[in-house]
Amino acid sequence: MNTFKVAIFGGGTVGGGVARILRENSALLERRAGCPVELVTILDLFPSASSKRHGIPLELYCGNGGDLNRDEASKYMAQILSNPEIDAVVETIGGSSDYILQVVLDILHSKKHLITANKALLAKHGTAIMRAAVENQRAIGFEASVCGAIPVIKGINDCMSGDKIESVSGIMNGTSNYILTKMSREGLSFYEALKGAQAMGYAEADPTLDINGGDAGHKLAILLRILYGIETQPGDIPVSGIDTINAEDTRIAEETDAVIKLICYAQREQNGVCATVQPMMVKKSNVLSDINNATNAIKLVGAYSRENLFVGQGAGSLETGSAIVSDIVYIARYGTASLRDYPSSGLSLVSFDSHVMPYTIIFDTEDVPGITGIVTTAIGKQEINIDTVSHNMRVSGQAGALFSIVTKPCTLTQIKAAVRDMQQTAPSIFVKEPKIIPVLA
Ligand code: HSE
């Protein structure tokens, strides 16, 4: 029985977790893979620190235990890639630079299977990477790239392959979800909550992509490829993050029986698929409203299977590591038979602006007579039906008016036209640009 031999590039949080699971769980992995799975070597710039942090023997690291410079790392990388005994390489260096793209392409061109959690790279260069895999007849495992431990990729590719997925709505960034939970439940400010997420280790080293929606956008781009055969380019999916959400918005959500969540959303429409990542008012009747702290969840609605919910941990060393190890076992078991390409289906993205759903509009205005009339008239002129108009949430003694309107289903195009109209009618009374937030029923 041949041993399936694995190398890891990048022994940080996720790579270290992979190494630990491969060592701790080897007997069970062998039974599942149908052959022994051996971790042969780890390439990391800081072997000693990584070894201590993850409890991995230093001998498993490239070099003599001292920190490596870039040239030394390149030399060891070349040695690993030219070693015919190594079957697969786990890339857990991260990032989407040209350098990382080249590393990943080199892994495939060296006839090694590739396992990666690198959502930014797959979102940006997925087509080139998939093409290299097919050309070299090597498999790519990327289960860990979308929501860490949650088996959504295999769920879609294997378990739901008999279905047509009509919509996706999910909480796919743990940092944002943690921040929003702390803001709404404990009244923390955005920045207090962000510090907590960093202390818990959920946030990326630079949390910009967590809070501006970029990280969630990468995950949705990967799902669009496997669900609908749509290849997106950066910027194709409209993305906004939770950095615009404040404590008043979370109070308004509460008043309208909703909770604000950063939602990855895609819906199959007649002419294509509309997709977006943005904060949404999730009604409390929707199970996603109950997904709190750093937990992730993805709801897939199939034409035949109907509603399916995947819930679990989207980040963390062993959590994400477990998904990578599941890919290693899968590839060890099925070899090149586990190779999939994801050809373009010809479907394309359609504008989210034409998608019909309810909206909440939050107004921060001067407190003057007639303001409610001005905004409701503009909304009515766009043929938008209003569901509720809230009271002024600024208490006496506070300047201005803060109120919200929840609409019946309509398009963002209609809402934007109404907002333009009301601002033209009474330009001086809007203290802030009205905030437009979709409602997820
Ligand atoms: N920083 C990410 C999150 C983890 O907060 O969900 C992996 O994408």
# chains A, B, ... in the order shown; residues from 1 in each chain; ligands from 1
$ closest_atom_pairs --of "region 131-203 of chain A" --to "region 249-271 of chain A" --cutoff "12 Å" --atoms "only C-alpha atoms" --output "JSON lines"
{"residue": "A:Val146", "atom": "CA", "partner": "A:Cys264", "partner_atom": "CA", "distance": 11.5}
{"residue": "A:Cys147", "atom": "CA", "partner": "A:Cys264", "partner_atom": "CA", "distance": 11.6}
{"residue": "A:Lys164", "atom": "CA", "partner": "A:Arg268", "partner_atom": "CA", "distance": 9.5}
{"residue": "A:Ile165", "atom": "CA", "partner": "A:Arg268", "partner_atom": "CA", "distance": 7.8}
{"residue": "A:Glu166", "atom": "CA", "partner": "A:Arg268", "partner_atom": "CA", "distance": 5.1}
{"residue": "A:Ser167", "atom": "CA", "partner": "A:Gln267", "partner_atom": "CA", "distance": 4.3}
{"residue": "A:Val168", "atom": "CA", "partner": "A:Ala266", "partner_atom": "CA", "distance": 5.1}
{"residue": "A:Ser169", "atom": "CA", "partner": "A:Tyr265", "partner_atom": "CA", "distance": 4.5}
{"residue": "A:Gly170", "atom": "CA", "partner": "A:Cys264", "partner_atom": "CA", "distance": 5.1}
{"residue": "A:Ile171", "atom": "CA", "partner": "A:Ile263", "partner_atom": "CA", "distance": 5.3}
{"residue": "A:Met172", "atom": "CA", "partner": "A:Cys264", "partner_atom": "CA", "distance": 6.9}
{"residue": "A:Asn173", "atom": "CA", "partner": "A:Leu262", "partner_atom": "CA", "distance": 7.7}
{"residue": "A:Gly174", "atom": "CA", "partner": "A:Leu262", "partner_atom": "CA", "distance": 9.6}
{"residue": "A:Thr175", "atom": "CA", "partner": "A:Leu262", "partner_atom": "CA", "distance": 10.1}
{"residue": "A:Ser176", "atom": "CA", "partner": "A:Leu262", "partner_atom": "CA", "distance": 6.8}
{"residue": "A:Asn177", "atom": "CA", "partner": "A:Lys261", "partner_atom": "CA", "distance": 6.6}
{"residue": "A:Tyr178", "atom": "CA", "partner": "A:Lys261", "partner_atom": "CA", "distance": 9.9}
{"residue": "A:Ile179", "atom": "CA", "partner": "A:Lys261", "partner_atom": "CA", "distance": 9.8}
{"residue": "A:Leu180", "atom": "CA", "partner": "A:Lys261", "partner_atom": "CA", "distance": 6.8}
{"residue": "A:Thr181", "atom": "CA", "partner": "A:Lys261", "partner_atom": "CA", "distance": 8.6}
{"residue": "A:Lys182", "atom": "CA", "partner": "A:Thr250", "partner_atom": "CA", "distance": 10.5}
{"residue": "A:Met183", "atom": "CA", "partner": "A:Thr250", "partner_atom": "CA", "distance": 7.4}
{"residue": "A:Ser184", "atom": "CA", "partner": "A:Thr250", "partner_atom": "CA", "distance": 5.7}
{"residue": "A:Arg185", "atom": "CA", "partner": "A:Thr250", "partner_atom": "CA", "distance": 9.3}
{"residue": "A:Glu186", "atom": "CA", "partner": "A:Thr250", "partner_atom": "CA", "distance": 11.1}
{"residue": "A:Gly187", "atom": "CA", "partner": "A:Thr250", "partner_atom": "CA", "distance": 9.1}
{"residue": "A:Leu188", "atom": "CA", "partner": "A:Thr250", "partner_atom": "CA", "distance": 10.9}
{"residue": "A:Ser189", "atom": "CA", "partner": "A:Thr250", "partner_atom": "CA", "distance": 10.9}
{"residue": "A:Phe190", "atom": "CA", "partner": "A:Thr250", "partner_atom": "CA", "distance": 11.1}
$ closest_atom_pairs --of "region 23-139 of chain A" --to "region 216-227 of chain A" --cutoff "10 Å" --atoms "only C-alpha atoms" --output "JSON lines"
{"residue": "A:Asn118", "atom": "CA", "partner": "A:His218", "partner_atom": "CA", "distance": 9.4}
{"residue": "A:Lys119", "atom": "CA", "partner": "A:His218", "partner_atom": "CA", "distance": 5.7}
{"residue": "A:Ala120", "atom": "CA", "partner": "A:His218", "partner_atom": "CA", "distance": 5.6}
{"residue": "A:Leu121", "atom": "CA", "partner": "A:His218", "partner_atom": "CA", "distance": 8.5}
{"residue": "A:Leu122", "atom": "CA", "partner": "A:Ile222", "partner_atom": "CA", "distance": 6.9}
{"residue": "A:Ala123", "atom": "CA", "partner": "A:His218", "partner_atom": "CA", "distance": 5.1}
{"residue": "A:Lys124", "atom": "CA", "partner": "A:His218", "partner_atom": "CA", "distance": 7.9}
{"residue": "A:Gly126", "atom": "CA", "partner": "A:Ile222", "partner_atom": "CA", "distance": 8.0}
{"residue": "A:Thr127", "atom": "CA", "partner": "A:Arg225", "partner_atom": "CA", "distance": 9.4}
$ residues_around --residues "Ser354 (chain A)" --least-positions-apart "2" --cutoff "9 Å" --atoms "only C-alpha atoms" --output "number ranges by chain"
A: 274, 350-352, 356, 410-414
$ write_last_selection --atoms "C-alpha atoms" --output "compact mmCIF listing (two decimals), in the first residue's frame"
# COMPACT_ATOMS: atom_id res chain seq x y z
CA CYS A 274 -27.77 38.33 -8.99
CA VAL A 350 -27.24 40.28 -13.48
CA SER A 351 -27.48 43.60 -11.66
CA PHE A 352 -28.53 43.44 -8.04
CA VAL A 356 -36.81 42.60 -5.88
CA CYS A 410 -39.20 46.58 -4.70
CA THR A 411 -35.92 47.18 -6.55
CA LEU A 412 -32.88 49.12 -5.43
CA THR A 413 -33.28 51.18 -8.60
CA GLN A 414 -36.68 52.35 -7.34
$ select_by_dssp --residues "region 270-373 of chain A" --states "helix (DSSP H, G or I)" --output "mmCIF file with C-alpha atoms, in the first residue's frame"
data_model
loop_
_atom_site.group_PDB
_atom_site.id
_atom_site.type_symbol
_atom_site.label_atom_id
_atom_site.label_comp_id
_atom_site.auth_asym_id
_atom_site.auth_seq_id
_atom_site.Cartn_x
_atom_site.Cartn_y
_atom_site.Cartn_z
ATOM 1 C CA VAL A 287 -32.713 31.163 11.091
ATOM 2 C CA LEU A 288 -29.693 33.261 10.053
ATOM 3 C CA SER A 289 -30.731 35.886 12.612
ATOM 4 C CA ASP A 290 -29.838 33.372 15.339
ATOM 5 C CA SER A 317 -6.450 26.694 13.409
ATOM 6 C CA LEU A 318 -7.874 23.208 13.986
ATOM 7 C CA GLU A 319 -11.319 24.083 12.609
ATOM 8 C CA THR A 320 -9.988 25.220 9.234
ATOM 9 C CA GLY A 321 -7.221 22.611 9.454
ATOM 10 C CA SER A 322 -9.858 19.858 9.680
ATOM 11 C CA ALA A 323 -11.309 20.900 6.308
ATOM 12 C CA ILE A 324 -7.872 20.819 4.693
ATOM 13 C CA VAL A 325 -7.210 17.367 6.124
ATOM 14 C CA SER A 326 -10.565 16.166 4.771
ATOM 15 C CA ASP A 327 -9.379 17.242 1.305
ATOM 16 C CA ILE A 328 -6.076 15.408 1.806
ATOM 17 C CA VAL A 329 -7.957 12.214 2.711
ATOM 18 C CA TYR A 330 -10.312 12.635 -0.249
ATOM 19 C CA ILE A 331 -7.471 13.104 -2.727
ATOM 20 C CA ALA A 332 -5.435 10.288 -1.152
ATOM 21 C CA ARG A 333 -8.451 8.023 -1.606
ATOM 22 C CA TYR A 334 -9.606 9.013 -5.085
ATOM 23 C CA GLY A 335 -6.396 10.437 -6.613
ATOM 24 C CA THR A 336 -6.898 12.115 -9.979
ATOM 25 C CA ALA A 337 -10.481 10.852 -9.993
ATOM 26 C CA SER A 338 -11.151 13.640 -7.510
ATOM 27 C CA PHE A 352 -28.528 43.440 -8.038
ATOM 28 C CA ASP A 353 -30.240 46.826 -8.558
ATOM 29 C CA SER A 354 -33.072 45.076 -10.440
ATOM 30 C CA ILE A 371 -40.320 65.599 6.698
ATOM 31 C CA THR A 372 -42.309 62.353 6.862
ATOM 32 C CA GLY A 373 -44.533 63.663 4.080
#
$ residues_around --residues "Pro84 (chain A)" --least-positions-apart "6" --cutoff "9 Å" --atoms "only C-alpha atoms" --output "ChimeraX atom specification"
/A:110-112
$ select_by_dssp --residues "region 100-323 of chain A" --states "strand (DSSP E or B)" --output "tab-separated table (two decimals) with N, CA and C atoms, in the first residue's frame"
chain	number	residue	atom	x	y	z
A	113	HIS	N	-0.71	17.33	-6.18
A	113	HIS	CA	-2.07	17.80	-5.88
A	113	HIS	C	-1.94	19.03	-4.97
A	114	LEU	N	-2.91	19.92	-5.07
A	114	LEU	CA	-2.88	21.17	-4.30
A	114	LEU	C	-4.06	21.21	-3.34
A	115	ILE	N	-3.78	21.55	-2.09
A	115	ILE	CA	-4.87	21.77	-1.13
A	115	ILE	C	-4.64	23.15	-0.53
A	116	THR	N	-5.66	23.98	-0.57
A	116	THR	CA	-5.48	25.37	-0.13
A	116	THR	C	-6.73	25.91	0.55
A	140	ILE	N	-7.45	19.76	-7.01
A	140	ILE	CA	-7.34	20.88	-6.07
A	140	ILE	C	-8.39	20.68	-4.99
A	141	GLY	N	-7.97	20.72	-3.74
A	141	GLY	CA	-8.93	20.70	-2.63
A	141	GLY	C	-9.01	22.09	-2.05
A	165	ILE	N	-29.53	24.71	-7.35
A	165	ILE	CA	-29.58	25.62	-6.21
A	165	ILE	C	-30.14	26.96	-6.69
A	166	GLU	N	-31.22	27.37	-6.06
A	166	GLU	CA	-31.89	28.60	-6.49
A	166	GLU	C	-31.39	29.83	-5.76
A	167	SER	N	-31.00	29.65	-4.50
A	167	SER	CA	-30.48	30.83	-3.79
A	167	SER	C	-29.50	30.43	-2.71
A	168	VAL	N	-28.63	31.37	-2.40
A	168	VAL	CA	-27.65	31.23	-1.33
A	168	VAL	C	-27.80	32.45	-0.44
A	169	SER	N	-27.88	32.25	0.86
A	169	SER	CA	-27.75	33.40	1.76
A	169	SER	C	-26.94	32.91	2.93
A	170	GLY	N	-25.90	33.66	3.26
A	170	GLY	CA	-25.02	33.12	4.29
A	170	GLY	C	-24.27	34.17	5.06
A	171	ILE	N	-23.88	33.77	6.25
A	171	ILE	CA	-22.99	34.57	7.10
A	171	ILE	C	-21.63	33.92	6.96
A	239	VAL	N	-20.04	44.69	-3.29
A	239	VAL	CA	-19.69	44.31	-1.92
A	239	VAL	C	-19.63	45.54	-1.03
A	258	ALA	N	-35.77	42.70	13.48
A	258	ALA	CA	-34.69	42.15	12.64
A	258	ALA	C	-33.36	42.27	13.37
A	259	VAL	N	-32.34	41.64	12.80
A	259	VAL	CA	-30.98	41.72	13.31
A	259	VAL	C	-30.09	42.01	12.11
A	260	ILE	N	-29.13	42.92	12.27
A	260	ILE	CA	-28.24	43.21	11.12
A	260	ILE	C	-27.15	42.15	11.04
A	261	LYS	N	-27.00	41.57	9.85
A	261	LYS	CA	-25.95	40.58	9.60
A	261	LYS	C	-25.29	40.91	8.27
A	262	LEU	N	-24.00	40.59	8.15
A	262	LEU	CA	-23.35	40.72	6.84
A	262	LEU	C	-23.72	39.47	6.04
A	263	ILE	N	-24.44	39.67	4.95
A	263	ILE	CA	-24.99	38.53	4.21
A	263	ILE	C	-24.34	38.42	2.82
A	264	CYS	N	-23.90	37.20	2.52
A	264	CYS	CA	-23.51	36.85	1.14
A	264	CYS	C	-24.79	36.33	0.50
A	265	TYR	N	-25.16	36.90	-0.62
A	265	TYR	CA	-26.49	36.61	-1.17
A	265	TYR	C	-26.38	36.37	-2.67
A	266	ALA	N	-27.00	35.31	-3.13
A	266	ALA	CA	-27.08	35.07	-4.58
A	266	ALA	C	-28.43	34.44	-4.87
A	267	GLN	N	-29.02	34.85	-5.97
A	267	GLN	CA	-30.34	34.33	-6.33
A	267	GLN	C	-30.36	34.07	-7.82
A	268	ARG	N	-30.78	32.86	-8.18
A	268	ARG	CA	-30.93	32.51	-9.60
A	268	ARG	C	-32.12	33.27	-10.13
A	269	GLU	N	-31.92	34.01	-11.22
A	269	GLU	CA	-33.03	34.74	-11.83
A	269	GLU	C	-33.20	34.25	-13.27
A	272	GLY	N	-29.98	35.10	-15.38
A	272	GLY	CA	-28.65	34.94	-14.78
A	272	GLY	C	-28.77	34.82	-13.28
A	273	VAL	N	-27.75	35.31	-12.61
A	273	VAL	CA	-27.72	35.22	-11.14
A	273	VAL	C	-27.38	36.59	-10.60
A	274	CYS	N	-28.16	37.08	-9.63
A	274	CYS	CA	-27.77	38.33	-8.99
A	274	CYS	C	-27.04	37.98	-7.70
A	275	ALA	N	-26.05	38.78	-7.36
A	275	ALA	CA	-25.25	38.46	-6.18
A	275	ALA	C	-24.79	39.74	-5.52
A	276	THR	N	-24.67	39.70	-4.22
A	276	THR	CA	-24.15	40.84	-3.47
A	276	THR	C	-23.65	40.38	-2.12
A	277	VAL	N	-22.78	41.18	-1.53
A	277	VAL	CA	-22.41	41.01	-0.12
A	277	VAL	C	-22.67	42.35	0.54
A	278	GLN	N	-23.53	42.38	1.53
A	278	GLN	CA	-23.77	43.63	2.24
A	278	GLN	C	-24.51	43.38	3.54
A	279	PRO	N	-24.48	44.34	4.47
A	279	PRO	CA	-25.27	44.18	5.67
A	279	PRO	C	-26.76	44.15	5.30
A	280	MET	N	-27.49	43.23	5.89
A	280	MET	CA	-28.93	43.14	5.65
A	280	MET	C	-29.66	43.09	6.98
A	281	MET	N	-30.92	43.54	6.97
A	281	MET	CA	-31.80	43.40	8.12
A	281	MET	C	-32.40	41.99	8.03
A	282	VAL	N	-31.92	41.09	8.82
A	282	VAL	CA	-32.41	39.71	8.75
A	282	VAL	C	-33.57	39.56	9.74
A	283	LYS	N	-34.74	39.25	9.23
A	283	LYS	CA	-35.93	39.13	10.09
A	283	LYS	C	-35.71	38.01	11.12
A	295	THR	N	-19.62	32.32	14.60
A	295	THR	CA	-20.17	31.20	13.84
A	295	THR	C	-20.58	31.64	12.43
A	296	ASN	N	-20.38	30.76	11.47
A	296	ASN	CA	-20.80	31.00	10.08
A	296	ASN	C	-22.00	30.10	9.76
A	297	ALA	N	-22.78	30.49	8.78
A	297	ALA	CA	-23.89	29.64	8.32
A	297	ALA	C	-24.19	29.95	6.86
A	298	ILE	N	-24.56	28.91	6.14
A	298	ILE	CA	-24.92	29.09	4.73
A	298	ILE	C	-26.24	28.39	4.50
A	299	LYS	N	-27.19	29.14	3.99
A	299	LYS	CA	-28.49	28.54	3.65
A	299	LYS	C	-28.55	28.40	2.13
A	300	LEU	N	-28.75	27.16	1.67
A	300	LEU	CA	-28.88	26.90	0.23
A	300	LEU	C	-30.30	26.43	-0.02
A	301	VAL	N	-30.97	27.06	-0.95
A	301	VAL	CA	-32.32	26.60	-1.27
A	301	VAL	C	-32.26	25.91	-2.63
A	302	GLY	N	-32.58	24.61	-2.62
A	302	GLY	CA	-32.55	23.82	-3.84
A	302	GLY	C	-33.96	23.69	-4.41
A	306	ARG	N	-35.09	21.80	-1.37
A	306	ARG	CA	-35.57	22.97	-0.61
A	306	ARG	C	-34.50	23.49	0.34
A	307	GLU	N	-34.87	23.79	1.60
A	307	GLU	CA	-33.92	24.55	2.41
A	307	GLU	C	-32.87	23.65	3.09
A	308	ASN	N	-31.60	24.00	2.93
A	308	ASN	CA	-30.50	23.26	3.58
A	308	ASN	C	-29.64	24.26	4.33
A	309	LEU	N	-29.31	23.93	5.57
A	309	LEU	CA	-28.52	24.87	6.37
A	309	LEU	C	-27.22	24.23	6.81
A	310	PHE	N	-26.12	24.90	6.49
A	310	PHE	CA	-24.80	24.46	6.96
A	310	PHE	C	-24.35	25.46	8.02
A	311	VAL	N	-24.01	24.98	9.20
A	311	VAL	CA	-23.61	25.88	10.29
A	311	VAL	C	-22.31	25.36	10.91
A	312	GLY	N	-21.41	26.25	11.27
A	312	GLY	CA	-20.20	25.79	11.96
A	312	GLY	C	-19.17	26.89	12.09
A	313	GLN	N	-17.95	26.47	12.27
A	313	GLN	CA	-16.88	27.44	12.53
A	313	GLN	C	-16.14	27.79	11.24
$ residues_around --residues "Asp106 (chain A)" --least-positions-apart "5" --cutoff "10 Å" --atoms "only C-alpha atoms" --output "number ranges by chain"
A: 77-78, 81, 100-101, 111-112, 132
$ write_last_selection --atoms "all heavy atoms" --output "mmCIF file, in the first residue's frame"
data_model
loop_
_atom_site.group_PDB
_atom_site.id
_atom_site.type_symbol
_atom_site.label_atom_id
_atom_site.label_comp_id
_atom_site.auth_asym_id
_atom_site.auth_seq_id
_atom_site.Cartn_x
_atom_site.Cartn_y
_atom_site.Cartn_z
ATOM 1 N N MET A 77 11.656 25.160 -1.222
ATOM 2 C CA MET A 77 10.426 24.967 -2.016
ATOM 3 C C MET A 77 10.745 24.187 -3.287
ATOM 4 O O MET A 77 10.047 23.221 -3.640
ATOM 5 C CB MET A 77 9.848 26.348 -2.358
ATOM 6 C CG MET A 77 8.397 26.336 -2.736
ATOM 7 S SD MET A 77 7.784 28.005 -3.009
ATOM 8 C CE MET A 77 7.262 28.500 -1.400
ATOM 9 N N ALA A 78 11.830 24.582 -3.949
ATOM 10 C CA ALA A 78 12.222 23.899 -5.192
ATOM 11 C C ALA A 78 12.545 22.432 -4.913
ATOM 12 O O ALA A 78 12.181 21.534 -5.695
ATOM 13 C CB ALA A 78 13.407 24.621 -5.826
ATOM 14 N N LEU A 81 9.291 20.540 -4.451
ATOM 15 C CA LEU A 81 8.535 20.380 -5.703
ATOM 16 C C LEU A 81 9.215 19.405 -6.658
ATOM 17 O O LEU A 81 8.547 18.792 -7.504
ATOM 18 C CB LEU A 81 8.315 21.750 -6.369
ATOM 19 C CG LEU A 81 7.408 22.709 -5.573
ATOM 20 C CD1 LEU A 81 7.179 24.003 -6.334
ATOM 21 C CD2 LEU A 81 6.062 22.058 -5.235
ATOM 22 N N ILE A 100 2.375 34.392 -4.735
ATOM 23 C CA ILE A 100 1.608 33.228 -4.252
ATOM 24 C C ILE A 100 0.962 32.494 -5.421
ATOM 25 O O ILE A 100 0.910 31.262 -5.453
ATOM 26 C CB ILE A 100 0.522 33.658 -3.226
ATOM 27 C CG1 ILE A 100 1.191 34.207 -1.961
ATOM 28 C CG2 ILE A 100 -0.397 32.502 -2.856
ATOM 29 C CD1 ILE A 100 2.025 33.180 -1.213
ATOM 30 N N LEU A 101 0.476 33.270 -6.390
ATOM 31 C CA LEU A 101 -0.106 32.612 -7.578
ATOM 32 C C LEU A 101 0.948 31.706 -8.217
ATOM 33 O O LEU A 101 0.653 30.546 -8.564
ATOM 34 C CB LEU A 101 -0.594 33.668 -8.575
ATOM 35 C CG LEU A 101 -1.089 33.109 -9.906
ATOM 36 C CD1 LEU A 101 -2.300 32.189 -9.716
ATOM 37 C CD2 LEU A 101 -1.434 34.221 -10.894
ATOM 38 N N LYS A 111 3.299 18.542 -10.750
ATOM 39 C CA LYS A 111 2.501 17.302 -10.660
ATOM 40 C C LYS A 111 2.185 16.906 -9.220
ATOM 41 O O LYS A 111 2.138 15.716 -8.881
ATOM 42 C CB LYS A 111 3.194 16.120 -11.373
ATOM 43 C CG LYS A 111 3.612 16.426 -12.802
ATOM 44 C CD LYS A 111 2.442 16.449 -13.737
ATOM 45 C CE LYS A 111 2.843 16.729 -15.179
ATOM 46 N NZ LYS A 111 1.759 17.254 -16.003
ATOM 47 N N LYS A 112 2.000 17.920 -8.380
ATOM 48 C CA LYS A 112 1.527 17.648 -7.018
ATOM 49 C C LYS A 112 0.066 18.069 -6.942
ATOM 50 O O LYS A 112 -0.323 19.089 -7.545
ATOM 51 C CB LYS A 112 2.289 18.488 -5.972
ATOM 52 C CG LYS A 112 3.796 18.527 -6.131
ATOM 53 C CD LYS A 112 4.424 17.207 -5.772
ATOM 54 C CE LYS A 112 5.929 17.247 -5.910
ATOM 55 N NZ LYS A 112 6.473 15.936 -6.365
ATOM 56 N N ALA A 132 -4.678 25.090 -14.716
ATOM 57 C CA ALA A 132 -3.391 24.412 -14.463
ATOM 58 C C ALA A 132 -3.626 23.021 -13.876
ATOM 59 O O ALA A 132 -2.898 22.078 -14.190
ATOM 60 C CB ALA A 132 -2.544 25.258 -13.517
#
$ closest_residue --among "A:Ile242, A:Ile153, A:Val104, A:Ala193" --to "Gly213 (chain A)" --atoms "only C-alpha atoms"
A:Ile242
